[in-house]
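As provided, input.txt (compact mmCIF, C-alpha atoms and all ligand atoms) reads as follows.
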```
# COMPACT_ATOMS: atom_id res chain seq x y z
CA MET A 1 0.00 0.00 0.00
CA ASN A 2 1.22 3.50 -0.78
CA LEU A 3 1.33 5.12 2.64
CA ILE A 4 1.45 8.64 1.22
CA GLN A 5 -1.83 8.19 -0.65
CA GLN A 6 -3.36 6.35 2.27
CA SER A 7 -2.35 9.10 4.70
CA ILE A 8 -3.98 11.72 2.47
CA ARG A 9 -7.12 9.59 2.28
CA ILE A 10 -7.26 9.14 6.06
CA ILE A 11 -6.84 12.85 6.69
CA ASN A 12 -9.43 13.85 4.08
CA LYS A 13 -11.90 11.29 5.34
CA ASN A 14 -11.59 12.53 8.90
CA GLN A 15 -11.88 16.23 8.22
CA ASP A 16 -15.24 17.41 9.44
CA ALA A 17 -17.56 19.45 7.21
CA SER A 18 -16.70 22.40 9.47
CA GLY A 19 -13.03 22.18 8.41
CA ALA A 20 -11.82 20.79 11.76
CA TYR A 21 -9.64 17.68 11.81
CA ILE A 22 -10.57 15.14 14.44
CA ALA A 23 -7.43 14.03 16.30
CA SER A 24 -8.33 10.33 16.05
CA PRO A 25 -11.67 8.87 14.94
CA ASN A 26 -11.43 5.58 16.84
CA PHE A 27 -10.34 6.86 20.22
CA GLU A 28 -13.16 8.51 22.02
CA ILE A 29 -11.09 10.80 24.16
CA TYR A 30 -9.56 12.33 20.99
CA HIS A 31 -12.85 13.21 19.31
CA TYR A 32 -11.86 16.86 19.34
CA SER A 33 -9.85 19.17 17.14
CA TRP A 34 -6.60 20.52 18.58
CA LEU A 35 -5.06 23.64 17.03
CA ARG A 36 -1.62 22.04 17.46
CA ASP A 37 -2.37 18.73 15.72
CA GLY A 38 -4.56 20.49 13.17
CA SER A 39 -2.03 23.11 12.08
CA PHE A 40 0.64 20.49 11.41
CA ILE A 41 -1.88 18.28 9.60
CA ALA A 42 -2.96 21.26 7.47
CA TYR A 43 0.69 22.06 6.74
CA ALA A 44 1.19 18.44 5.62
CA MET A 45 -1.86 18.74 3.34
CA ASP A 46 -0.43 21.93 1.85
CA ARG A 47 2.86 20.18 1.20
CA VAL A 48 1.08 17.43 -0.76
CA GLU A 49 -0.94 20.07 -2.64
CA GLU A 50 -4.22 19.31 -0.92
CA TYR A 51 -4.70 23.04 -0.54
CA ASP A 52 -8.45 22.96 -0.17
CA SER A 53 -8.25 20.81 2.96
CA ALA A 54 -5.75 23.17 4.58
CA ASP A 55 -7.83 26.14 3.51
CA ARG A 56 -10.91 24.78 5.23
CA PHE A 57 -9.00 24.10 8.44
CA TYR A 58 -7.58 27.63 8.68
CA ASN A 59 -10.98 29.06 7.91
CA TRP A 60 -12.42 27.05 10.80
CA VAL A 61 -9.71 28.27 13.20
CA ALA A 62 -10.23 31.89 12.17
CA GLN A 63 -13.93 31.58 12.92
CA VAL A 64 -13.31 29.85 16.24
CA ILE A 65 -11.02 32.67 17.34
CA GLU A 66 -13.14 35.51 16.01
CA ALA A 67 -16.11 34.11 17.90
CA ARG A 68 -14.07 34.59 21.09
CA GLU A 69 -13.24 38.24 20.49
CA GLU A 70 -15.00 39.41 23.62
CA LYS A 71 -13.39 36.77 25.78
CA ILE A 72 -9.91 37.69 24.53
CA LYS A 73 -10.53 41.39 25.08
CA GLU A 74 -11.83 40.74 28.58
CA LEU A 75 -8.76 38.66 29.41
CA ILE A 76 -6.46 41.43 28.26
CA GLN A 77 -8.41 44.03 30.23
CA LYS A 78 -8.21 41.87 33.34
CA LYS A 79 -4.48 41.61 32.89
CA GLN A 80 -4.14 45.36 32.43
CA LYS A 81 -6.11 45.99 35.60
CA GLY A 82 -3.97 43.48 37.49
CA LEU A 83 -6.98 41.24 38.22
CA PRO A 84 -6.42 37.51 38.82
CA ILE A 85 -7.06 35.17 35.87
CA SER A 86 -7.65 31.48 36.47
CA SER A 87 -6.25 28.95 34.02
CA LYS A 88 -9.85 27.98 33.22
CA ASP A 89 -10.50 31.48 31.85
CA PHE A 90 -7.98 31.22 29.01
CA LEU A 91 -8.73 29.97 25.51
CA PRO A 92 -8.80 26.17 25.29
CA THR A 93 -6.38 23.95 23.44
CA ARG A 94 -9.06 21.73 21.90
CA TYR A 95 -12.55 22.34 20.57
CA HIS A 96 -15.52 20.30 19.48
CA LEU A 97 -15.55 19.88 15.71
CA ASP A 98 -18.31 22.45 15.42
CA GLY A 99 -16.06 24.99 17.12
CA SER A 100 -17.83 25.00 20.47
CA ASP A 101 -16.03 24.76 23.80
CA THR A 102 -15.50 21.40 25.44
CA ASN A 103 -17.00 20.87 28.81
CA ASP A 104 -14.91 18.41 30.76
CA ASP A 105 -12.35 18.64 33.51
CA TRP A 106 -9.36 17.86 31.26
CA SER A 107 -6.78 20.63 31.58
CA ASN A 108 -7.17 22.86 28.59
CA PHE A 109 -4.91 25.90 28.85
CA GLN A 110 -2.09 25.66 26.30
CA LEU A 111 -0.62 28.42 24.19
CA ASP A 112 1.43 26.49 21.63
CA GLY A 113 -1.45 25.81 19.24
CA TYR A 114 -2.18 29.52 18.86
CA GLY A 115 1.38 30.18 17.70
CA THR A 116 1.29 27.10 15.51
CA TRP A 117 -1.85 28.21 13.67
CA LEU A 118 -0.25 31.58 12.83
CA TRP A 119 2.79 29.72 11.52
CA GLY A 120 0.67 27.28 9.51
CA LEU A 121 -1.47 30.05 8.07
CA ALA A 122 1.60 32.00 6.98
CA GLU A 123 2.98 28.84 5.31
CA HIS A 124 -0.39 28.27 3.65
CA ILE A 125 -0.34 31.79 2.23
CA LYS A 126 3.23 31.28 1.00
CA LEU A 127 2.44 27.93 -0.62
CA THR A 128 -0.83 29.03 -2.24
CA GLY A 129 -0.08 32.69 -2.92
CA LYS A 130 -3.44 33.55 -1.32
CA LYS A 131 -2.51 36.85 0.26
CA ASP A 132 -6.17 37.85 0.41
CA LEU A 133 -6.46 35.52 3.41
CA LEU A 134 -4.59 38.13 5.43
CA ASP A 135 -7.54 40.48 4.99
CA GLN A 136 -10.12 37.78 5.29
CA TYR A 137 -8.74 36.53 8.62
CA GLN A 138 -7.42 39.86 9.81
CA LYS A 139 -9.51 39.86 12.97
CA GLY A 140 -8.54 36.30 13.92
CA ILE A 141 -4.88 37.04 13.25
CA GLU A 142 -4.88 40.27 15.27
CA LEU A 143 -6.73 38.69 18.18
CA THR A 144 -4.26 35.79 18.28
CA ILE A 145 -1.31 38.16 18.22
CA ASP A 146 -2.76 40.27 21.05
CA TYR A 147 -3.52 37.16 23.06
CA LEU A 148 0.00 35.74 22.67
CA ALA A 149 1.72 39.08 23.17
CA ASN A 150 -0.06 39.49 26.50
CA PHE A 151 0.18 35.97 27.88
CA TRP A 152 3.26 34.25 26.48
CA LYS A 153 4.98 34.37 29.86
CA VAL A 154 2.10 32.80 31.77
CA PRO A 155 2.81 29.16 32.78
CA ASN A 156 0.52 26.81 30.85
CA TYR A 157 0.26 23.11 30.04
CA ASP A 158 2.91 21.72 27.70
CA CYS A 159 2.13 20.14 24.35
CA TRP A 160 1.55 16.80 26.10
CA GLU A 161 -1.05 18.43 28.36
CA GLU A 162 1.14 18.17 31.46
CA PHE A 163 3.07 20.45 33.84
CA GLY A 164 0.56 23.31 33.77
CA ASP A 165 2.43 25.41 36.32
CA LEU A 166 5.62 25.63 34.27
CA ILE A 167 6.89 27.40 31.15
CA HIS A 168 8.12 25.24 28.26
CA PRO A 169 10.62 26.33 25.63
CA ALA A 170 8.90 24.13 23.01
CA THR A 171 5.73 26.17 23.58
CA LEU A 172 7.71 29.40 23.32
CA ALA A 173 9.22 28.13 20.06
CA CYS A 174 5.70 27.71 18.64
CA ILE A 175 4.72 31.20 19.78
CA ALA A 176 7.86 32.92 18.49
CA GLY A 177 7.74 30.86 15.28
CA GLY A 178 4.12 31.78 14.62
CA LEU A 179 4.63 35.48 15.29
CA LYS A 180 7.77 35.60 13.17
CA GLN A 181 6.22 33.81 10.22
CA ILE A 182 3.03 35.86 10.07
CA ASN A 183 5.09 39.00 10.51
CA GLN A 184 6.76 38.32 7.18
CA TYR A 185 3.51 39.70 5.80
CA LEU A 186 2.57 42.20 8.51
CA LYS A 187 6.05 43.67 8.90
CA ARG A 188 5.31 45.10 12.37
CA LYS A 189 8.33 46.37 14.30
CA ASP A 190 6.74 45.60 17.66
CA LEU A 191 6.30 41.99 16.62
CA SER A 192 9.90 41.49 15.55
CA LYS A 193 10.92 42.97 18.89
CA LEU A 194 8.65 40.55 20.69
CA VAL A 195 10.07 37.58 18.79
CA ASP A 196 13.59 38.64 19.80
CA GLU A 197 12.45 39.05 23.39
CA ILE A 198 11.05 35.51 23.47
CA LYS A 199 14.25 34.12 21.96
CA SER A 200 16.42 35.89 24.54
CA PHE A 201 14.14 34.71 27.31
CA VAL A 202 14.65 31.11 26.22
CA LYS A 203 18.38 31.57 25.86
CA GLU A 204 18.71 33.07 29.31
CA ASN A 205 16.42 30.73 31.20
CA TYR A 206 16.11 27.41 29.39
CA VAL A 207 19.60 26.44 28.28
CA TYR A 208 21.15 23.97 30.69
CA GLN A 209 24.65 22.58 30.19
CA GLY A 210 24.55 23.67 26.57
CA HIS A 211 21.17 22.17 25.62
CA LEU A 212 17.56 23.25 25.80
CA MET A 213 15.72 21.88 28.80
CA LYS A 214 12.17 20.61 28.95
CA SER A 215 10.55 23.20 31.23
CA THR A 216 11.17 25.49 34.17
CA GLY A 217 13.24 23.44 36.63
CA LEU A 218 13.13 20.28 34.48
CA THR A 219 16.62 20.09 33.07
CA TYR A 220 16.26 16.96 30.93
CA VAL A 221 15.21 16.98 27.26
CA ASP A 222 11.84 16.39 25.69
CA ALA A 223 11.61 15.41 22.02
CA SER A 224 9.26 18.34 21.36
CA LEU A 225 12.35 20.55 21.72
CA LEU A 226 13.08 19.55 18.12
CA TRP A 227 10.45 22.15 17.21
CA ALA A 228 12.93 24.85 18.21
CA ALA A 229 14.96 23.65 15.20
CA VAL A 230 12.32 22.66 12.65
CA PRO A 231 10.06 24.24 11.72
CA PHE A 232 10.20 27.22 14.07
CA GLY A 233 13.90 28.06 13.84
CA LEU A 234 14.12 29.55 17.32
CA PHE A 235 17.84 28.94 16.90
CA PRO A 236 19.67 28.29 13.63
CA LEU A 237 20.11 24.61 12.79
CA GLU A 238 23.87 24.90 13.14
CA ASP A 239 23.66 26.54 16.60
CA GLU A 240 25.48 24.52 19.27
CA VAL A 241 22.38 24.62 21.49
CA ILE A 242 20.37 22.81 18.82
CA LYS A 243 23.15 20.33 18.12
CA GLU A 244 23.52 19.47 21.79
CA THR A 245 19.75 19.20 22.29
CA VAL A 246 19.50 16.79 19.36
CA ARG A 247 22.46 14.80 20.68
CA LEU A 248 20.67 14.28 24.00
CA ILE A 249 17.38 13.44 22.30
CA GLU A 250 19.25 10.80 20.29
CA ARG A 251 21.00 9.49 23.37
CA ASP A 252 18.06 9.40 25.76
CA LEU A 253 14.93 9.19 23.61
CA TYR A 254 15.80 7.47 20.34
CA LYS A 255 16.07 4.09 22.00
CA ASN A 256 17.68 1.36 19.86
CA ARG A 257 16.94 3.61 16.85
CA GLU A 258 13.39 2.28 16.99
CA GLY A 259 11.31 5.39 17.36
CA VAL A 260 11.52 8.52 19.48
CA HIS A 261 10.01 8.73 22.96
CA ARG A 262 8.55 11.95 24.43
CA TYR A 263 10.76 12.18 27.56
CA THR A 264 12.36 9.61 29.80
CA LYS A 265 9.85 9.91 32.62
CA ASP A 266 6.78 9.68 30.37
CA THR A 267 4.36 7.00 31.57
CA TYR A 268 1.44 7.56 29.16
CA TYR A 269 0.75 4.04 27.81
CA GLY A 270 4.06 3.14 29.44
CA GLY A 271 5.94 5.79 27.43
CA GLY A 272 6.41 4.20 24.00
CA ALA A 273 7.86 5.44 20.72
CA TRP A 274 5.87 8.21 19.05
CA ILE A 275 5.45 8.14 15.28
CA LEU A 276 5.10 11.89 14.98
CA LEU A 277 8.24 12.62 17.00
CA THR A 278 10.21 10.06 15.05
CA ALA A 279 9.13 11.79 11.85
CA TRP A 280 10.24 15.06 13.47
CA LEU A 281 13.73 13.75 14.04
CA GLY A 282 13.68 12.62 10.40
CA TRP A 283 12.61 16.12 9.36
CA TYR A 284 15.55 17.54 11.29
CA TYR A 285 17.95 14.99 9.75
CA SER A 286 16.70 15.80 6.30
CA SER A 287 17.08 19.55 6.97
CA VAL A 288 20.72 19.16 8.01
CA GLY A 289 21.59 16.78 5.17
CA ARG A 290 21.63 13.53 7.21
CA ILE A 291 19.57 11.91 4.49
CA ASP A 292 20.38 8.26 5.17
CA GLU A 293 19.17 8.58 8.73
CA ALA A 294 16.03 10.38 7.61
CA GLU A 295 15.36 7.60 5.09
CA GLU A 296 15.89 5.00 7.82
CA ILE A 297 13.24 6.75 9.90
CA LYS A 298 10.82 6.93 6.99
CA ARG A 299 11.20 3.18 6.45
CA TRP A 300 10.71 2.50 10.16
CA ILE A 301 7.48 4.50 10.16
CA GLU A 302 6.23 2.64 7.09
CA GLU A 303 6.83 -0.64 8.92
CA GLN A 304 4.61 0.54 11.77
CA ALA A 305 1.51 1.02 9.61
CA ASP A 306 -1.07 -1.76 10.00
CA SER A 307 -2.66 -3.68 7.13
CA ASN A 308 -5.13 -0.82 6.61
CA GLY A 309 -2.28 1.65 6.28
CA GLU A 310 -3.13 3.25 9.62
CA LEU A 311 -0.52 4.79 11.89
CA PRO A 312 -1.04 4.94 15.66
CA GLU A 313 0.03 7.62 18.08
CA GLN A 314 2.75 5.49 19.63
CA ILE A 315 4.27 2.03 19.38
CA PRO A 316 4.53 0.19 22.70
CA ILE A 317 8.19 -0.81 22.41
CA ASN A 318 11.20 -0.05 24.62
CA LEU A 319 8.68 1.34 27.12
CA ASN A 320 9.94 3.77 29.72
CA GLN A 321 7.78 2.15 32.38
CA GLY A 322 6.03 -0.94 31.11
CA GLU A 323 3.86 -1.33 34.21
CA TYR A 324 1.83 1.72 33.14
CA TYR A 325 0.84 0.36 29.75
CA GLN A 326 -2.09 -1.76 30.87
CA CYS A 327 -3.54 0.91 33.22
CA TRP A 328 -4.01 3.21 30.24
CA VAL A 329 -5.49 0.45 28.09
CA ASP A 330 -7.95 -0.26 30.91
CA LYS A 331 -8.74 3.42 31.29
CA TRP A 332 -9.05 4.62 27.68
CA GLY A 333 -8.76 1.54 25.45
CA GLY A 334 -5.96 0.67 22.98
CA ILE A 335 -3.53 3.31 21.70
CA ALA A 336 -5.20 5.86 19.40
CA LYS A 337 -5.18 4.76 15.73
CA PRO A 338 -5.25 6.23 13.20
CA LEU A 339 -3.81 9.42 14.65
CA LEU A 340 -4.11 12.11 12.00
CA TRP A 341 -1.09 13.99 13.32
CA SER A 342 1.08 10.85 12.84
CA HIS A 343 -0.06 10.67 9.22
CA GLY A 344 0.57 14.40 8.78
CA MET A 345 4.12 14.15 10.05
CA TYR A 346 4.80 11.13 7.85
CA LEU A 347 3.64 13.17 4.85
CA ILE A 348 5.90 16.09 5.78
CA LEU A 349 8.92 13.81 6.13
CA SER A 350 8.15 12.05 2.83
CA ILE A 351 7.83 15.30 0.92
CA GLU A 352 10.96 16.75 2.52
CA LEU A 353 12.89 13.68 1.41
CA SER A 354 11.45 13.62 -2.07
CA SER A 355 12.75 17.14 -2.68
CA LYS A 356 16.35 16.18 -1.72
C1 LIG B 1 -1.09 14.59 23.20
C2 LIG B 1 -1.35 15.93 22.56
C3 LIG B 1 -2.25 15.78 21.36
C4 LIG B 1 -3.48 14.98 21.69
C5 LIG B 1 -4.30 14.67 20.45
C6 LIG B 1 -2.41 13.92 23.49
O1 LIG B 1 -2.13 12.68 24.06
O2 LIG B 1 -0.37 14.75 24.40
O3 LIG B 1 -0.14 16.51 22.14
O4 LIG B 1 -2.60 17.06 20.92
O5 LIG B 1 -3.11 13.77 22.28
O6 LIG B 1 -3.54 14.06 19.46
```

Spit out the file's structure as C-alpha cells when you get a sec.
Amino acid sequence: MNLIQQSIRIINKNQDASGAYIASPNFEIYHYSWLRDGSFIAYAMDRVEEYDSADRFYNWVAQVIEAREEKIKELIQKKQKGLPISSKDFLPTRYHLDGSDTNDDWSNFQLDGYGTWLWGLAEHIKLTGKKDLLDQYQKGIELTIDYLANFWKVPNYDCWEEFGDLIHPATLACIAGGLKQINQYLKRKDLSKLVDEIKSFVKENYVYQGHLMKSTGLTYVDASLLWAAVPFGLFPLEDEVIKETVRLIERDLYKNREGVHRYTKDTYYGGGAWILLTAWLGWYYSSVGRIDEAEEIKRWIEEQADSNGELPEQIPINLNQGEYYQCWVDKWGGIAKPLLWSHGMYLILSIELSSK
C-alpha cells in the first residue's frame, strides 16, 4: 500500500464538514480538534498540494477565534487591571468539531497551538499565494497576536497536556515561530521585537549545560524541543544549542533507533515510541543533510503502519515504564489509531525527502 496516498485519504476522510480535523476517529477521548495537531496536519496537506483541505481548516480556526473576540478582550483588560485570571478562563487547546467549547475537567490551557496556527497560516499563504487571506482573517490574526503578546509568559500546560504550572521552551518556540512567520507579511516592528524578546528569554532561562531543557526546573530533554529547530527556527540549525539538544534526544529518547520517545519519565501508555516525533527527528535529519538517517526513519514508520495503512500515536516498544501500559489500556482503550497527526508528520517527512 502506498502510505502517502493512504495518509492523504485518512486525513481527508476525517476532516469534518466544518473544516476541523478530528485528532483520532477511533479513540473517544480524541474526538476533538486541537489547534496544534490540526495546524501540522494542514501544513502536511499543503505540502502534498491538498490546498483545499488546509484552507478549510484555517478558515475554521479563524472563525473559532473571532467568535471569542470578547473573551480575549476581557482577558487582556483583566491583565491590564492586574486582576487575577484562572487557568480555566484562558482559551482552550481543543474544541468540538463544530467549534464550540468542550465541557470536561481535562486541563485545557495551552498556548502552543495559537502560535502554531499563525505559523501554519503563513505557510499556507506562502504555498498558495493567497494573500487575500490576510484580509479575510485579519480579525482572527490580530486577536491571536494580542492574546499571545499578553500571555506568552504565563505558565501553561505543555504540548503533552502536562506540567501546567511551568513554562516550556517548546511552547515558546511555537509562539515565536508563529509570530515571526506571520510577521513576514505584517512587517510590524513591535512583533519582531517581541520575537527577539522571546528568543532571549529562552536563551537566558532554558539552556542547561549547553542544551535546551524541557521546562522550568526540568533540566532533561523532551523530544518536542526539536520544534525549536524545525520548523520554528528559534535557533539556527547549526547553533550549538540545537546540536547538543538533538544529541541528547538521540542518546536518551531514540532508544535502539526504533522510534523517538517523548521524555524519559513519560508514563502515558508506558511511554512508548511516538510516530510523529520520530518523523520530526527525520525532518531535522533531512534539513541538516543527514539523508540516510532520515530515510531510515521513513522506512521505520512505514513498517509501523497496520494492514489498513493506519498509523497509531505510539508504538509500545522499549517502554519507559512498562507497568503503566495496561492501566491506560484499561482506562481509555488501545492506543489511538489512526492518529491524523502521525499521518501528517509522515507526509511532511516524505515530501521533505522527495525534494532532496
Ligand atoms: C497529546 C497531545 C495531542 C493529543 C491529540 C495527546 O495525548 O499529548 O499533544 O494534541 O493527544 O492528538

Within 10 Å of Glu302 (chain A), counting only C-alpha atoms, which residues qualify if same-chain residues fewer than 4 places away don't, as a PyMOL selection string? chain A and resi 1-4+275+296-298+306+309-311+346

Output file for the residues above (C-alpha atoms, as a PDB file, keeping the file's coordinate frame):
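Written file, result_5.pdb:
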```pdb
ATOM      1  CA  MET A   1       0.000   0.000   0.000  1.00  0.00           C
ATOM      2  CA  ASN A   2       1.220   3.500  -0.780  1.00  0.00           C
ATOM      3  CA  LEU A   3       1.330   5.120   2.640  1.00  0.00           C
ATOM      4  CA  ILE A   4       1.450   8.640   1.220  1.00  0.00           C
ATOM      5  CA  ILE A 275       5.450   8.140  15.280  1.00  0.00           C
ATOM      6  CA  GLU A 296      15.890   5.000   7.820  1.00  0.00           C
ATOM      7  CA  ILE A 297      13.240   6.750   9.900  1.00  0.00           C
ATOM      8  CA  LYS A 298      10.820   6.930   6.990  1.00  0.00           C
ATOM      9  CA  ASP A 306      -1.070  -1.760  10.000  1.00  0.00           C
ATOM     10  CA  GLY A 309      -2.280   1.650   6.280  1.00  0.00           C
ATOM     11  CA  GLU A 310      -3.130   3.250   9.620  1.00  0.00           C
ATOM     12  CA  LEU A 311      -0.520   4.790  11.890  1.00  0.00           C
ATOM     13  CA  TYR A 346       4.800  11.130   7.850  1.00  0.00           C
TER      14      TYR A 346
END
```

Once you count only C-alpha atoms and all ligand atoms, what closest atom pair and distance in Å to one decimal does each residue of chain A within 6 Å of ligand LIG 1 (chain B) have, with rows by chain and rising residue number, as a Markdown table?
```
| residue | atom | partner | partner_atom | distance |
| --- | --- | --- | --- | --- |
| A:Ala23 | CA | B:LIG1 | O6 | 5.0 |
| A:Tyr30 | CA | B:LIG1 | C5 | 5.8 |
| A:Trp34 | CA | B:LIG1 | O4 | 5.8 |
| A:Asp37 | CA | B:LIG1 | O4 | 5.5 |
| A:Cys159 | CA | B:LIG1 | O3 | 4.8 |
| A:Trp160 | CA | B:LIG1 | O2 | 3.3 |
| A:Glu161 | CA | B:LIG1 | O2 | 5.4 |
```

A:Pro312, A:Gly334, A:Gly120, A:Pro236: which is nearest Tyr269 (chain A), counting all atoms listed in the file?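 The shortest atom-to-atom distance to Tyr269 (chain A) comes from A:Gly334.
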
Would you compute an axis-aligned box for region 347-350 of chain A, covering every atom listed for it in the file with 5 Å of margin on each side, and report centre and edge lengths in Å to one decimal as lines of an AutoDock Vina configuration file?
```
center_x = 6.3
center_y = 14.1
center_z = 4.5
size_x = 15.3
size_y = 14.0
size_z = 13.3
```

Selection near Leu225 (chain A), 9 Å with all atoms listed in the file, sequence-local residues under 5 positions removed, as a PyMOL selection string: chain A and resi 169-171+173+212-214+242+245-246+249

So what do you get for CA of Phe27 (chain A) versus CA of Ala305 (chain A), distance-wise?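 The value is 16.9 Å.
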
Can you work out which one of A:Trp152, A:Trp60, A:Trp227, A:Tyr263 has the shortest atom-to-atom distance to Tyr137 (chain A), counting all atoms listed in the file?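 Among the listed residues, the smallest separation from Tyr137 (chain A) belongs to A:Trp60.
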
How would region 257-276 of chain A look written as an mmCIF file, in the first residue's frame with N, CA, C and O atoms?
```cif
data_model
loop_
_atom_site.group_PDB
_atom_site.id
_atom_site.type_symbol
_atom_site.label_atom_id
_atom_site.label_comp_id
_atom_site.auth_asym_id
_atom_site.auth_seq_id
_atom_site.Cartn_x
_atom_site.Cartn_y
_atom_site.Cartn_z
ATOM 1 N N ARG A 257 17.319 3.085 18.180
ATOM 2 C CA ARG A 257 16.937 3.612 16.853
ATOM 3 C C ARG A 257 15.630 2.990 16.374
ATOM 4 O O ARG A 257 15.455 2.636 15.214
ATOM 5 N N GLU A 258 14.703 2.854 17.322
ATOM 6 C CA GLU A 258 13.392 2.284 16.987
ATOM 7 C C GLU A 258 12.298 3.240 17.443
ATOM 8 O O GLU A 258 11.433 2.894 18.222
ATOM 9 N N GLY A 259 12.365 4.455 17.008
ATOM 10 C CA GLY A 259 11.311 5.395 17.361
ATOM 11 C C GLY A 259 11.697 6.283 18.527
ATOM 12 O O GLY A 259 12.450 5.879 19.424
ATOM 13 N N VAL A 260 11.158 7.499 18.502
ATOM 14 C CA VAL A 260 11.525 8.525 19.482
ATOM 15 C C VAL A 260 10.448 8.611 20.575
ATOM 16 O O VAL A 260 9.256 8.684 20.273
ATOM 17 N N HIS A 261 10.916 8.624 21.814
ATOM 18 C CA HIS A 261 10.008 8.729 22.963
ATOM 19 C C HIS A 261 9.847 10.202 23.354
ATOM 20 O O HIS A 261 10.687 11.023 23.014
ATOM 21 N N ARG A 262 8.790 10.528 24.097
ATOM 22 C CA ARG A 262 8.550 11.947 24.427
ATOM 23 C C ARG A 262 9.598 12.471 25.410
ATOM 24 O O ARG A 262 10.278 13.429 25.160
ATOM 25 N N TYR A 263 9.733 11.826 26.566
ATOM 26 C CA TYR A 263 10.760 12.180 27.556
ATOM 27 C C TYR A 263 10.917 10.969 28.475
ATOM 28 O O TYR A 263 10.010 10.128 28.548
ATOM 29 N N THR A 264 12.045 10.881 29.123
ATOM 30 C CA THR A 264 12.361 9.610 29.796
ATOM 31 C C THR A 264 11.376 9.236 30.901
ATOM 32 O O THR A 264 11.207 8.066 31.200
ATOM 33 N N LYS A 265 10.736 10.236 31.498
ATOM 34 C CA LYS A 265 9.849 9.907 32.622
ATOM 35 C C LYS A 265 8.395 9.727 32.181
ATOM 36 O O LYS A 265 7.504 9.577 33.011
ATOM 37 N N ASP A 266 8.156 9.785 30.877
ATOM 38 C CA ASP A 266 6.780 9.678 30.366
ATOM 39 C C ASP A 266 6.198 8.300 30.686
ATOM 40 O O ASP A 266 6.823 7.275 30.398
ATOM 41 N N THR A 267 4.990 8.292 31.243
ATOM 42 C CA THR A 267 4.364 7.002 31.574
ATOM 43 C C THR A 267 3.066 6.763 30.794
ATOM 44 O O THR A 267 2.403 5.738 31.001
ATOM 45 N N TYR A 268 2.688 7.695 29.924
ATOM 46 C CA TYR A 268 1.437 7.557 29.164
ATOM 47 C C TYR A 268 1.541 6.309 28.273
ATOM 48 O O TYR A 268 2.429 6.222 27.439
ATOM 49 N N TYR A 269 0.660 5.358 28.464
ATOM 50 C CA TYR A 269 0.746 4.037 27.812
ATOM 51 C C TYR A 269 2.155 3.440 27.982
ATOM 52 O O TYR A 269 2.704 2.833 27.066
ATOM 53 N N GLY A 270 2.735 3.683 29.136
ATOM 54 C CA GLY A 270 4.056 3.139 29.440
ATOM 55 C C GLY A 270 5.206 3.965 28.872
ATOM 56 O O GLY A 270 6.366 3.726 29.185
ATOM 57 N N GLY A 271 4.870 4.953 28.014
ATOM 58 C CA GLY A 271 5.941 5.793 27.430
ATOM 59 C C GLY A 271 6.626 5.121 26.254
ATOM 60 O O GLY A 271 7.819 4.812 26.292
ATOM 61 N N GLY A 272 5.873 4.866 25.197
ATOM 62 C CA GLY A 272 6.406 4.197 24.002
ATOM 63 C C GLY A 272 7.036 5.164 23.012
ATOM 64 O O GLY A 272 7.359 6.317 23.342
ATOM 65 N N ALA A 273 7.211 4.651 21.779
ATOM 66 C CA ALA A 273 7.860 5.439 20.716
ATOM 67 C C ALA A 273 6.790 6.120 19.866
ATOM 68 O O ALA A 273 5.893 5.452 19.337
ATOM 69 N N TRP A 274 6.893 7.428 19.751
ATOM 70 C CA TRP A 274 5.868 8.212 19.052
ATOM 71 C C TRP A 274 6.216 8.374 17.571
ATOM 72 O O TRP A 274 7.310 8.845 17.219
ATOM 73 N N ILE A 275 5.244 8.004 16.732
ATOM 74 C CA ILE A 275 5.450 8.135 15.276
ATOM 75 C C ILE A 275 5.755 9.586 14.909
ATOM 76 O O ILE A 275 6.692 9.875 14.166
ATOM 77 N N LEU A 276 4.963 10.503 15.442
ATOM 78 C CA LEU A 276 5.098 11.885 14.975
ATOM 79 C C LEU A 276 6.440 12.485 15.388
ATOM 80 O O LEU A 276 7.049 13.256 14.643
#
```
